[in-house]
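**Student:** Contents of upload02.pdb (PDB, C-alpha atoms) are below:
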```
ATOM      1  CA  MET X   1      -9.776  12.635  -2.994
ATOM      2  CA  SER X   2      -6.950  10.279  -2.116
ATOM      3  CA  ARG X   3      -6.400   9.501  -5.797
ATOM      4  CA  THR X   4      -4.815  12.926  -6.117
ATOM      5  CA  LEU X   5      -1.975  11.853  -3.801
ATOM      6  CA  ARG X   6       1.302  12.156  -5.663
ATOM      7  CA  VAL X   7       3.712   9.405  -4.643
ATOM      8  CA  GLY X   8       7.268   9.946  -5.826
ATOM      9  CA  GLY X   9       8.596   6.571  -4.687
ATOM     10  CA  MET X  10       8.007   3.619  -2.430
ATOM     11  CA  VAL X  11       9.975   1.297  -0.150
ATOM     12  CA  PRO X  12       8.038  -1.981   0.074
ATOM     13  CA  LEU X  13       9.468  -3.157   3.401
ATOM     14  CA  THR X  14      11.273  -1.458   6.280
ATOM     15  CA  THR X  15      11.693  -1.952  10.004
ATOM     16  CA  LEU X  16      13.304   1.459  10.519
ATOM     17  CA  ASP X  17      10.663   4.032   9.596
ATOM     18  CA  TYR X  18       7.963   3.068  12.127
ATOM     19  CA  PRO X  19       9.452   1.694  15.365
ATOM     20  CA  GLY X  20       8.376  -1.853  16.119
ATOM     21  CA  GLN X  21       6.345  -2.246  12.928
ATOM     22  CA  LEU X  22       6.906  -3.884   9.559
ATOM     23  CA  ALA X  23       6.054  -1.041   7.233
ATOM     24  CA  CYS X  24       5.894   0.182   3.673
ATOM     25  CA  VAL X  25       7.019   3.767   3.053
ATOM     26  CA  LEU X  26       5.318   6.037   0.533
ATOM     27  CA  PHE X  27       7.420   9.057  -0.407
ATOM     28  CA  CYS X  28       5.003  11.873  -1.152
ATOM     29  CA  GLN X  29       6.061  14.316  -3.847
ATOM     30  CA  GLY X  30       6.700  17.966  -3.062
ATOM     31  CA  CYS X  31       8.374  20.075  -0.380
ATOM     32  CA  ALA X  32       8.384  23.823   0.291
ATOM     33  CA  TRP X  33      11.742  23.881   2.075
ATOM     34  CA  ARG X  34      15.230  23.505   0.617
ATOM     35  CA  CYS X  35      17.204  21.813   3.388
ATOM     36  CA  ARG X  36      20.840  21.895   2.383
ATOM     37  CA  TYR X  37      21.539  18.281   3.391
ATOM     38  CA  CYS X  38      18.336  16.888   1.837
ATOM     39  CA  HIS X  39      19.105  13.394   0.509
ATOM     40  CA  ASN X  40      15.852  13.111  -1.496
ATOM     41  CA  PRO X  41      16.082  16.234  -3.694
ATOM     42  CA  GLN X  42      14.064  14.534  -6.431
ATOM     43  CA  LEU X  43      11.037  14.764  -4.135
ATOM     44  CA  ILE X  44      11.163  18.560  -3.779
ATOM     45  CA  PRO X  45       9.321  19.566  -7.006
ATOM     46  CA  PRO X  46       5.507  19.318  -6.829
ATOM     47  CA  ARG X  47       5.567  16.847  -9.703
ATOM     48  CA  GLY X  48       8.113  14.070 -10.102
ATOM     49  CA  SER X  49       9.442  12.103 -13.060
ATOM     50  CA  GLU X  50       9.017   8.728 -11.326
ATOM     51  CA  GLU X  51       5.622   9.044  -9.656
ATOM     52  CA  VAL X  52       3.797   5.855  -8.663
ATOM     53  CA  ASP X  53       0.117   5.795  -9.587
ATOM     54  CA  TRP X  54      -2.139   5.643  -6.519
ATOM     55  CA  CYS X  55      -4.092   2.698  -7.912
ATOM     56  CA  ARG X  56      -0.821   0.796  -8.223
ATOM     57  CA  VAL X  57      -0.020   1.635  -4.583
ATOM     58  CA  LEU X  58      -3.396   0.280  -3.444
ATOM     59  CA  THR X  59      -2.943  -2.896  -5.473
ATOM     60  CA  PHE X  60       0.436  -3.452  -3.830
ATOM     61  CA  LEU X  61      -1.021  -2.882  -0.359
ATOM     62  CA  GLN X  62      -3.886  -5.280  -1.021
ATOM     63  CA  ARG X  63      -1.328  -8.001  -1.665
ATOM     64  CA  ARG X  64       0.442  -7.129   1.603
ATOM     65  CA  GLN X  65      -2.600  -7.279   3.872
ATOM     66  CA  GLY X  66      -1.758  -9.528   6.806
ATOM     67  CA  LEU X  67       1.955  -9.286   6.008
ATOM     68  CA  LEU X  68       2.690  -5.627   6.734
ATOM     69  CA  ASP X  69       1.721  -3.810   9.918
ATOM     70  CA  ALA X  70       1.824  -0.212   8.785
ATOM     71  CA  VAL X  71       2.130   2.297   5.966
ATOM     72  CA  VAL X  72       4.287   5.387   6.486
ATOM     73  CA  PHE X  73       3.581   8.566   4.540
ATOM     74  CA  SER X  74       6.939  10.302   4.154
ATOM     75  CA  GLY X  75       8.373  12.841   1.774
ATOM     76  CA  GLY X  76       9.057  15.415   0.659
ATOM     77  CA  GLU X  77       6.450  16.862   2.946
ATOM     78  CA  PRO X  78       3.247  14.804   2.798
ATOM     79  CA  THR X  79       1.071  17.321   4.658
ATOM     80  CA  LEU X  80       1.327  19.740   1.725
ATOM     81  CA  GLN X  81      -0.888  17.454  -0.355
ATOM     82  CA  ASP X  82      -4.660  17.905  -0.080
ATOM     83  CA  GLY X  83      -5.160  14.212  -0.767
ATOM     84  CA  LEU X  84      -3.213  13.035   2.273
ATOM     85  CA  ALA X  85      -6.094  12.668   4.746
ATOM     86  CA  GLY X  86      -8.160  10.705   2.245
ATOM     87  CA  ALA X  87      -5.238   8.458   1.426
ATOM     88  CA  MET X  88      -4.591   7.790   5.111
ATOM     89  CA  ASP X  89      -8.238   6.854   5.615
ATOM     90  CA  GLU X  90      -8.208   4.556   2.602
ATOM     91  CA  VAL X  91      -5.102   2.764   3.831
ATOM     92  CA  ARG X  92      -6.406   2.486   7.388
ATOM     93  CA  LYS X  93      -9.575   0.792   6.110
ATOM     94  CA  MET X  94      -7.321  -1.868   4.601
ATOM     95  CA  GLY X  95      -6.155  -2.762   8.115
ATOM     96  CA  PHE X  96      -2.824  -0.928   8.281
ATOM     97  CA  ARG X  97      -1.567   1.359  11.011
ATOM     98  CA  ILE X  98      -0.656   4.837   9.788
ATOM     99  CA  GLY X  99       2.750   6.458  10.185
ATOM    100  CA  LEU X 100       3.597  10.018   9.163
ATOM    101  CA  HIS X 101       6.958  11.713   8.665
ATOM    102  CA  SER X 102       6.643  15.495   8.749
ATOM    103  CA  ALA X 103       8.408  18.731   9.578
ATOM    104  CA  GLY X 104       5.136  20.622   9.985
ATOM    105  CA  ILE X 105       6.015  23.016   7.182
ATOM    106  CA  LYS X 106       2.518  24.539   7.244
ATOM    107  CA  PRO X 107       1.114  24.275  10.772
ATOM    108  CA  ALA X 108      -2.531  24.525   9.672
ATOM    109  CA  ALA X 109      -2.067  21.662   7.205
ATOM    110  CA  PHE X 110      -0.224  19.588   9.790
ATOM    111  CA  ALA X 111      -2.962  20.188  12.371
ATOM    112  CA  LYS X 112      -5.591  18.830   9.965
ATOM    113  CA  VAL X 113      -3.968  15.393   9.716
ATOM    114  CA  VAL X 114      -2.107  14.916  13.000
ATOM    115  CA  MET X 115      -4.993  12.952  14.536
ATOM    116  CA  GLU X 116      -5.204  10.691  11.478
ATOM    117  CA  ALA X 117      -1.847   9.080  12.302
ATOM    118  CA  ASP X 118      -1.017   6.350  14.814
ATOM    119  CA  TRP X 119       2.617   7.447  15.020
ATOM    120  CA  ILE X 120       4.527  10.489  13.794
ATOM    121  CA  GLY X 121       8.226  10.929  13.132
ATOM    122  CA  PHE X 122       8.581  14.689  13.536
ATOM    123  CA  ASP X 123      11.610  16.507  12.145
ATOM    124  CA  ILE X 124      12.953  19.306  14.321
ATOM    125  CA  LYS X 125      15.266  21.127  11.943
ATOM    126  CA  ALA X 126      17.030  23.282  14.550
ATOM    127  CA  LEU X 127      16.259  25.870  17.186
ATOM    128  CA  PRO X 128      13.599  28.229  15.777
ATOM    129  CA  GLU X 129      16.091  31.036  15.271
ATOM    130  CA  ASP X 130      18.529  28.711  13.479
ATOM    131  CA  CYS X 131      16.181  26.875  11.097
ATOM    132  CA  GLN X 132      16.619  29.184   8.123
ATOM    133  CA  THR X 133      20.330  28.295   7.978
ATOM    134  CA  ILE X 134      19.252  24.753   7.113
ATOM    135  CA  THR X 135      15.942  25.196   5.256
ATOM    136  CA  ARG X 136      16.871  28.424   3.431
ATOM    137  CA  ILE X 137      13.270  29.570   3.934
ATOM    138  CA  ALA X 138      12.326  32.537   6.119
ATOM    139  CA  GLY X 139       9.837  31.744   8.860
ATOM    140  CA  SER X 140      10.579  28.025   8.790
ATOM    141  CA  GLY X 141      11.594  27.944  12.453
ATOM    142  CA  THR X 142       8.318  29.459  13.614
ATOM    143  CA  ALA X 143       6.337  26.975  11.502
ATOM    144  CA  ASN X 144       8.402  23.979  12.591
ATOM    145  CA  TRP X 145       7.981  24.662  16.295
ATOM    146  CA  ARG X 146       4.312  25.680  16.042
ATOM    147  CA  SER X 147       3.570  22.306  14.478
ATOM    148  CA  LEU X 148       5.526  20.669  17.308
ATOM    149  CA  GLU X 149       3.067  22.289  19.718
ATOM    150  CA  TYR X 150       0.182  20.730  17.795
ATOM    151  CA  LEU X 151       1.904  17.355  17.898
ATOM    152  CA  LEU X 152       2.524  17.417  21.628
ATOM    153  CA  ALA X 153      -1.074  18.488  22.307
ATOM    154  CA  SER X 154      -2.512  15.726  20.109
ATOM    155  CA  GLY X 155      -1.651  12.711  22.250
ATOM    156  CA  VAL X 156      -0.484  10.827  19.135
ATOM    157  CA  ASP X 157       2.556   8.591  19.637
ATOM    158  CA  TYR X 158       5.667  10.181  18.169
ATOM    159  CA  GLU X 159       9.411  10.546  17.893
ATOM    160  CA  CYS X 160      11.131  13.897  17.514
ATOM    161  CA  ARG X 161      14.348  13.741  15.535
ATOM    162  CA  THR X 162      16.996  16.129  14.296
ATOM    163  CA  THR X 163      19.336  15.506  11.386
ATOM    164  CA  VAL X 164      22.843  16.788  12.041
ATOM    165  CA  HIS X 165      25.521  17.874   9.599
ATOM    166  CA  TRP X 166      28.312  19.225  11.791
ATOM    167  CA  HIS X 167      29.093  22.015   9.319
ATOM    168  CA  LEU X 168      25.580  23.351   9.960
ATOM    169  CA  PHE X 169      25.073  22.398  13.594
ATOM    170  CA  ASP X 170      27.171  23.456  16.556
ATOM    171  CA  PRO X 171      27.159  20.797  19.314
ATOM    172  CA  ALA X 172      26.359  23.426  21.940
ATOM    173  CA  ARG X 173      23.303  24.552  19.968
ATOM    174  CA  LEU X 174      22.187  20.945  19.619
ATOM    175  CA  LEU X 175      22.297  20.527  23.387
ATOM    176  CA  ILE X 176      20.278  23.731  23.858
ATOM    177  CA  LEU X 177      17.731  22.376  21.394
ATOM    178  CA  ALA X 178      17.544  19.088  23.290
ATOM    179  CA  ARG X 179      17.048  20.877  26.597
ATOM    180  CA  ARG X 180      14.233  22.944  25.109
ATOM    181  CA  LEU X 181      12.522  19.824  23.792
ATOM    182  CA  SER X 182      12.894  18.123  27.150
ATOM    183  CA  ALA X 183      11.355  21.152  28.883
ATOM    184  CA  LEU X 184       8.372  20.895  26.518
ATOM    185  CA  GLY X 185       7.833  17.302  27.604
ATOM    186  CA  VAL X 186       9.314  15.428  24.642
ATOM    187  CA  LYS X 187       9.913  11.813  25.695
ATOM    188  CA  ARG X 188      11.648  10.285  22.680
ATOM    189  CA  PHE X 189      14.362  12.137  20.761
ATOM    190  CA  ALA X 190      16.630  10.861  18.008
ATOM    191  CA  VAL X 191      19.710  12.450  16.482
ATOM    192  CA  GLN X 192      20.372  11.333  12.924
ATOM    193  CA  LEU X 193      23.898  11.935  11.625
ATOM    194  CA  VAL X 194      23.556  13.086   8.042
ATOM    195  CA  ARG X 195      23.990  10.850   5.026
ATOM    196  CA  THR X 196      26.256  12.775   2.679
ATOM    197  CA  ALA X 197      26.177  10.524  -0.388
ATOM    198  CA  ARG X 198      23.555  12.768  -2.003
ATOM    199  CA  MET X 199      22.642  16.259  -0.777
ATOM    200  CA  LEU X 200      20.694  19.132  -2.302
ATOM    201  CA  ASP X 201      23.411  21.734  -1.735
ATOM    202  CA  PRO X 202      26.407  20.822  -3.927
ATOM    203  CA  HIS X 203      28.594  23.219  -1.931
ATOM    204  CA  LEU X 204      27.960  21.499   1.378
ATOM    205  CA  SER X 205      30.907  19.377   2.403
ATOM    206  CA  SER X 206      30.452  15.661   1.817
ATOM    207  CA  ILE X 207      32.427  15.148   5.004
ATOM    208  CA  SER X 208      30.452  15.958   8.138
ATOM    209  CA  ALA X 209      33.211  16.185  10.732
ATOM    210  CA  GLN X 210      32.262  13.174  12.835
ATOM    211  CA  VAL X 211      34.070  14.266  15.938
ATOM    212  CA  GLU X 212      33.688  12.330  19.157
ATOM    213  CA  GLN X 213      30.654  13.617  21.050
ATOM    214  CA  ALA X 214      30.410  11.100  23.890
ATOM    215  CA  GLU X 215      29.693  13.777  26.504
ATOM    216  CA  LEU X 216      26.960  15.314  24.353
ATOM    217  CA  TRP X 217      25.183  11.998  23.853
ATOM    218  CA  ALA X 218      25.498  11.198  27.564
ATOM    219  CA  ALA X 219      23.879  14.532  28.407
ATOM    220  CA  MET X 220      21.017  13.814  26.029
ATOM    221  CA  ARG X 221      20.406  10.401  27.526
ATOM    222  CA  GLU X 222      19.841  12.195  30.810
ATOM    223  CA  LEU X 223      17.250  14.500  29.222
ATOM    224  CA  PHE X 224      14.936  11.949  27.615
ATOM    225  CA  PRO X 225      13.376   8.645  28.700
ATOM    226  CA  GLN X 226      14.300   7.436  25.198
ATOM    227  CA  PHE X 227      17.257   8.805  23.246
ATOM    228  CA  VAL X 228      18.403   7.301  19.962
ATOM    229  CA  LEU X 229      21.588   8.050  18.009
ATOM    230  CA  ARG X 230      21.525   7.010  14.368
ATOM    231  CA  GLY X 231      24.788   7.064  12.475
TER     232      GLY X 231
END
```
Go ahead and express the file in the form of structure tokens.
**Tutor:**
Amino acid sequence: MSRTLRVGGMVPLTTLDYPGQLACVLFCQGCAWRCRYCHNPQLIPPRGSEEVDWCRVLTFLQRRQGLLDAVVFSGGEPTLQDGLAGAMDEVRKMGFRIGLHSAGIKPAAFAKVVMEADWIGFDIKALPEDCQTITRIAGSGTANWRSLEYLLASGVDYECRTTVHWHLFDPARLLILARRLSALGVKRFAVQLVRTARMLDPHLSSISAQVEQAELWAAMRELFPQFVLRG
């Protein structure tokens, strides 16, 4: 049942989280990974201290019918919640398009809901062999890239994106990652330079060496029909 969906927070209006759409973002509670640069660490536990009741979410959305285009289910990792598919269906019946932010933490769970979305922002953490450095969870790279296969086979509109903290990501490895995505047929790729104001790992430098990478970004623009750099 969708009423079991645990929402740890909500952004009532954004133009950034679903390209071209006025959207509301629902931050689903819970995540199985421990990404060192995570800027929403309060969403990691399966239960949160500031959860928003699902009935309250629906009441808000009812008042926004005709004003908002879409609702984005973000996280945390929304696909870990059994109530996600039901919640998506409930929101769609209200006339909203459905966005999903996911890293495909559990490929089987991701595969169950991928077709329920109109657009997916998919987080590629790193090359498969490098993912554990970021997530601190063994096997995360295999899961992340298996879910990417499901996404690309689904036909659902999407953006692949990678968050970069330069103390965790070598520019050469980032280019290899981009080339691998391009070879798989990825059309839209975004690099998001990390926000360091709040991160899960207190030992990770709050200064991500923002060195000039003009040649790297130029190379990526050659690889993808759409490349986006977010600072």
**Student:** Could you put an axis-aligned box around every listed atom of segment 72-90 of chain X, padded by 5 Å on each side, and send me its centre and edge lengths in Å to one decimal, as AutoDock Vina command-line options?
**Tutor:**
```
--center_x 0.4 --center_y 12.1 --center_z 2.9 --size_x 27.3 --size_y 25.2 --size_z 17.3
```
**Student:** Taking the file above as input, evaluate the PyMOL selection byres ((chain X and resi 134-146) around 8) and report the hits as a PDB file with C-alpha atoms, in the coordinates of the input.
**Tutor:**
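Dumped everything to out23.pdb:
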```pdb
ATOM      1  CA  TRP X  33      11.742  23.881   2.075  1.00  0.00           C
ATOM      2  CA  ARG X  34      15.230  23.505   0.617  1.00  0.00           C
ATOM      3  CA  CYS X  35      17.204  21.813   3.388  1.00  0.00           C
ATOM      4  CA  ARG X  36      20.840  21.895   2.383  1.00  0.00           C
ATOM      5  CA  TYR X  37      21.539  18.281   3.391  1.00  0.00           C
ATOM      6  CA  ALA X 103       8.408  18.731   9.578  1.00  0.00           C
ATOM      7  CA  GLY X 104       5.136  20.622   9.985  1.00  0.00           C
ATOM      8  CA  ILE X 105       6.015  23.016   7.182  1.00  0.00           C
ATOM      9  CA  LYS X 106       2.518  24.539   7.244  1.00  0.00           C
ATOM     10  CA  PRO X 107       1.114  24.275  10.772  1.00  0.00           C
ATOM     11  CA  ILE X 124      12.953  19.306  14.321  1.00  0.00           C
ATOM     12  CA  LYS X 125      15.266  21.127  11.943  1.00  0.00           C
ATOM     13  CA  ALA X 126      17.030  23.282  14.550  1.00  0.00           C
ATOM     14  CA  LEU X 127      16.259  25.870  17.186  1.00  0.00           C
ATOM     15  CA  PRO X 128      13.599  28.229  15.777  1.00  0.00           C
ATOM     16  CA  GLU X 129      16.091  31.036  15.271  1.00  0.00           C
ATOM     17  CA  ASP X 130      18.529  28.711  13.479  1.00  0.00           C
ATOM     18  CA  CYS X 131      16.181  26.875  11.097  1.00  0.00           C
ATOM     19  CA  GLN X 132      16.619  29.184   8.123  1.00  0.00           C
ATOM     20  CA  THR X 133      20.330  28.295   7.978  1.00  0.00           C
ATOM     21  CA  SER X 147       3.570  22.306  14.478  1.00  0.00           C
ATOM     22  CA  LEU X 148       5.526  20.669  17.308  1.00  0.00           C
ATOM     23  CA  GLU X 149       3.067  22.289  19.718  1.00  0.00           C
ATOM     24  CA  TYR X 150       0.182  20.730  17.795  1.00  0.00           C
ATOM     25  CA  LEU X 168      25.580  23.351   9.960  1.00  0.00           C
TER      26      LEU X 168
END
```
**Student:** Which is closest to Gly95 of chain X among X:Gly66, X:Gly75, X:Gly20, X:Gly83, if we use all atoms listed in the file?
**Tutor:**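 Between X:Gly66, X:Gly75, X:Gly20, X:Gly83, the residue approaching Gly95 of chain X most closely is X:Gly66.
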**Student:** Using all atoms listed in the file, which residues sit within 7 Å of Gln21 of chain X once same-chain residues fewer than 2 positions away are excluded, as a ChimeraX atom specification?
**Tutor:** /X:15,18-19,23,69-70
**Student:** Give me, please, the distance in Å between atom CA of Lys112 of chain X and atom CA of Ile44 of chain X, quoted to one decimal.
**Tutor:** 21.7 Å
**Student:** Quick one: everything within 12 Å of Lys93 of chain X, counting only C-alpha atoms, minus sequence neighbours fewer than 3 positions away in the same chain. Send it as a PyMOL selection string.
**Tutor:** chain X and resi 58+61-62+65+70-71+86-90+96-98
**Student:** Quick check on the file I pasted: which residues fall under the PyMOL selection byres ((chain X and resi 220) around 12)? Write them as a PyMOL selection string.
**Tutor:** chain X and resi 171-172+174-182+186-191+213-219+221-229
**Student:** Go ahead and save the picked residues with C-alpha atoms, as a PDB file, keeping the file's coordinate frame.
**Tutor:**
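Writing the result to again-v3.pdb gives the following:
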```
ATOM      1  CA  PRO X 171      27.159  20.797  19.314  1.00  0.00           C
ATOM      2  CA  ALA X 172      26.359  23.426  21.940  1.00  0.00           C
ATOM      3  CA  LEU X 174      22.187  20.945  19.619  1.00  0.00           C
ATOM      4  CA  LEU X 175      22.297  20.527  23.387  1.00  0.00           C
ATOM      5  CA  ILE X 176      20.278  23.731  23.858  1.00  0.00           C
ATOM      6  CA  LEU X 177      17.731  22.376  21.394  1.00  0.00           C
ATOM      7  CA  ALA X 178      17.544  19.088  23.290  1.00  0.00           C
ATOM      8  CA  ARG X 179      17.048  20.877  26.597  1.00  0.00           C
ATOM      9  CA  ARG X 180      14.233  22.944  25.109  1.00  0.00           C
ATOM     10  CA  LEU X 181      12.522  19.824  23.792  1.00  0.00           C
ATOM     11  CA  SER X 182      12.894  18.123  27.150  1.00  0.00           C
ATOM     12  CA  VAL X 186       9.314  15.428  24.642  1.00  0.00           C
ATOM     13  CA  LYS X 187       9.913  11.813  25.695  1.00  0.00           C
ATOM     14  CA  ARG X 188      11.648  10.285  22.680  1.00  0.00           C
ATOM     15  CA  PHE X 189      14.362  12.137  20.761  1.00  0.00           C
ATOM     16  CA  ALA X 190      16.630  10.861  18.008  1.00  0.00           C
ATOM     17  CA  VAL X 191      19.710  12.450  16.482  1.00  0.00           C
ATOM     18  CA  GLN X 213      30.654  13.617  21.050  1.00  0.00           C
ATOM     19  CA  ALA X 214      30.410  11.100  23.890  1.00  0.00           C
ATOM     20  CA  GLU X 215      29.693  13.777  26.504  1.00  0.00           C
ATOM     21  CA  LEU X 216      26.960  15.314  24.353  1.00  0.00           C
ATOM     22  CA  TRP X 217      25.183  11.998  23.853  1.00  0.00           C
ATOM     23  CA  ALA X 218      25.498  11.198  27.564  1.00  0.00           C
ATOM     24  CA  ALA X 219      23.879  14.532  28.407  1.00  0.00           C
ATOM     25  CA  ARG X 221      20.406  10.401  27.526  1.00  0.00           C
ATOM     26  CA  GLU X 222      19.841  12.195  30.810  1.00  0.00           C
ATOM     27  CA  LEU X 223      17.250  14.500  29.222  1.00  0.00           C
ATOM     28  CA  PHE X 224      14.936  11.949  27.615  1.00  0.00           C
ATOM     29  CA  PRO X 225      13.376   8.645  28.700  1.00  0.00           C
ATOM     30  CA  GLN X 226      14.300   7.436  25.198  1.00  0.00           C
ATOM     31  CA  PHE X 227      17.257   8.805  23.246  1.00  0.00           C
ATOM     32  CA  VAL X 228      18.403   7.301  19.962  1.00  0.00           C
ATOM     33  CA  LEU X 229      21.588   8.050  18.009  1.00  0.00           C
TER      34      LEU X 229
END
```
**Student:** Within 7 Å of (10.1, 14.8, 1.2), in the coordinates the file gives, what residues turn up when you count all atoms listed in the file, written out as a list in words?
**Tutor:** Phe27, Cys28, Gln29, Gly30, Cys31, Asn40, Leu43, Ile44, Ser74, Gly75, Gly76 and Glu77 of chain X
**Student:** Take the residues from that selection and put them in a file with C-alpha atoms, as an mmCIF file, in the coordinates of the input.
**Tutor:**
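File written: again-v7.cif
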```cif
data_model
loop_
_atom_site.group_PDB
_atom_site.id
_atom_site.type_symbol
_atom_site.label_atom_id
_atom_site.label_comp_id
_atom_site.auth_asym_id
_atom_site.auth_seq_id
_atom_site.Cartn_x
_atom_site.Cartn_y
_atom_site.Cartn_z
ATOM 1 C CA PHE X 27 7.420 9.057 -0.407
ATOM 2 C CA CYS X 28 5.003 11.873 -1.152
ATOM 3 C CA GLN X 29 6.061 14.316 -3.847
ATOM 4 C CA GLY X 30 6.700 17.966 -3.062
ATOM 5 C CA CYS X 31 8.374 20.075 -0.380
ATOM 6 C CA ASN X 40 15.852 13.111 -1.496
ATOM 7 C CA LEU X 43 11.037 14.764 -4.135
ATOM 8 C CA ILE X 44 11.163 18.560 -3.779
ATOM 9 C CA SER X 74 6.939 10.302 4.154
ATOM 10 C CA GLY X 75 8.373 12.841 1.774
ATOM 11 C CA GLY X 76 9.057 15.415 0.659
ATOM 12 C CA GLU X 77 6.450 16.862 2.946
#
```
**Student:** May I have the residues at most 8 Å from (5.6, 14.6, -10.3) in the file's coordinates, counting all atoms listed in the file, as a list in words?
**Tutor:**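 Output: Arg6, Val7, Gly8, Gln29, Pro45, Pro46, Arg47, Gly48, Ser49, Glu50 and Glu51 of chain X.
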**Student:** Mind giving me the straight-line distance from atom CA of Asp118 of chain X to atom CA of Arg64 of chain X in Å, one decimal?
**Tutor:** 18.9 Å
**Student:** Report the distance between atom CA of Thr162 of chain X and atom CA of Leu193 of chain X in Å, rounded to one decimal place.
**Tutor:**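 That distance, rounded to one decimal, is 8.5 Å.
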**Student:** Between X:Ile207, X:Ala32, X:Cys38, X:Met94, which residue has the minimum interatomic distance to Pro78 of chain X, considering only C-alpha atoms?
**Tutor:**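 Going through X:Ile207, X:Ala32, X:Cys38, X:Met94 one by one, the smallest distance to Pro78 of chain X is for X:Ala32.
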**Student:** Residues at most 10 Å from Val25 of chain X, counting all atoms listed in the file, excluding those fewer than 5 positions away in the same chain, as a list in words?
**Tutor:**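 After dropping sequence-adjacent residues, the list is Gly9, Met10, Val11, Pro12, Leu13, Thr14, Asp17, Tyr18, Ala70, Val71, Val72, Phe73, Ser74, Gly75, Gly99, Leu100 and His101 of chain X.
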**Student:** Using all atoms listed in the file, which residue out of X:Val91, X:Ala109, X:Arg195, X:Leu152 lies closest to Thr59 of chain X?
**Tutor:**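 The closest residue to Thr59 of chain X is X:Val91.
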**Student:** Using all atoms listed in the file, which residue out of X:Gln42, X:Ser102, X:Gln81, X:Thr4 lies closest to Trp54 of chain X?
**Tutor:**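 Selected residue with least distance to Trp54 of chain X: X:Thr4.
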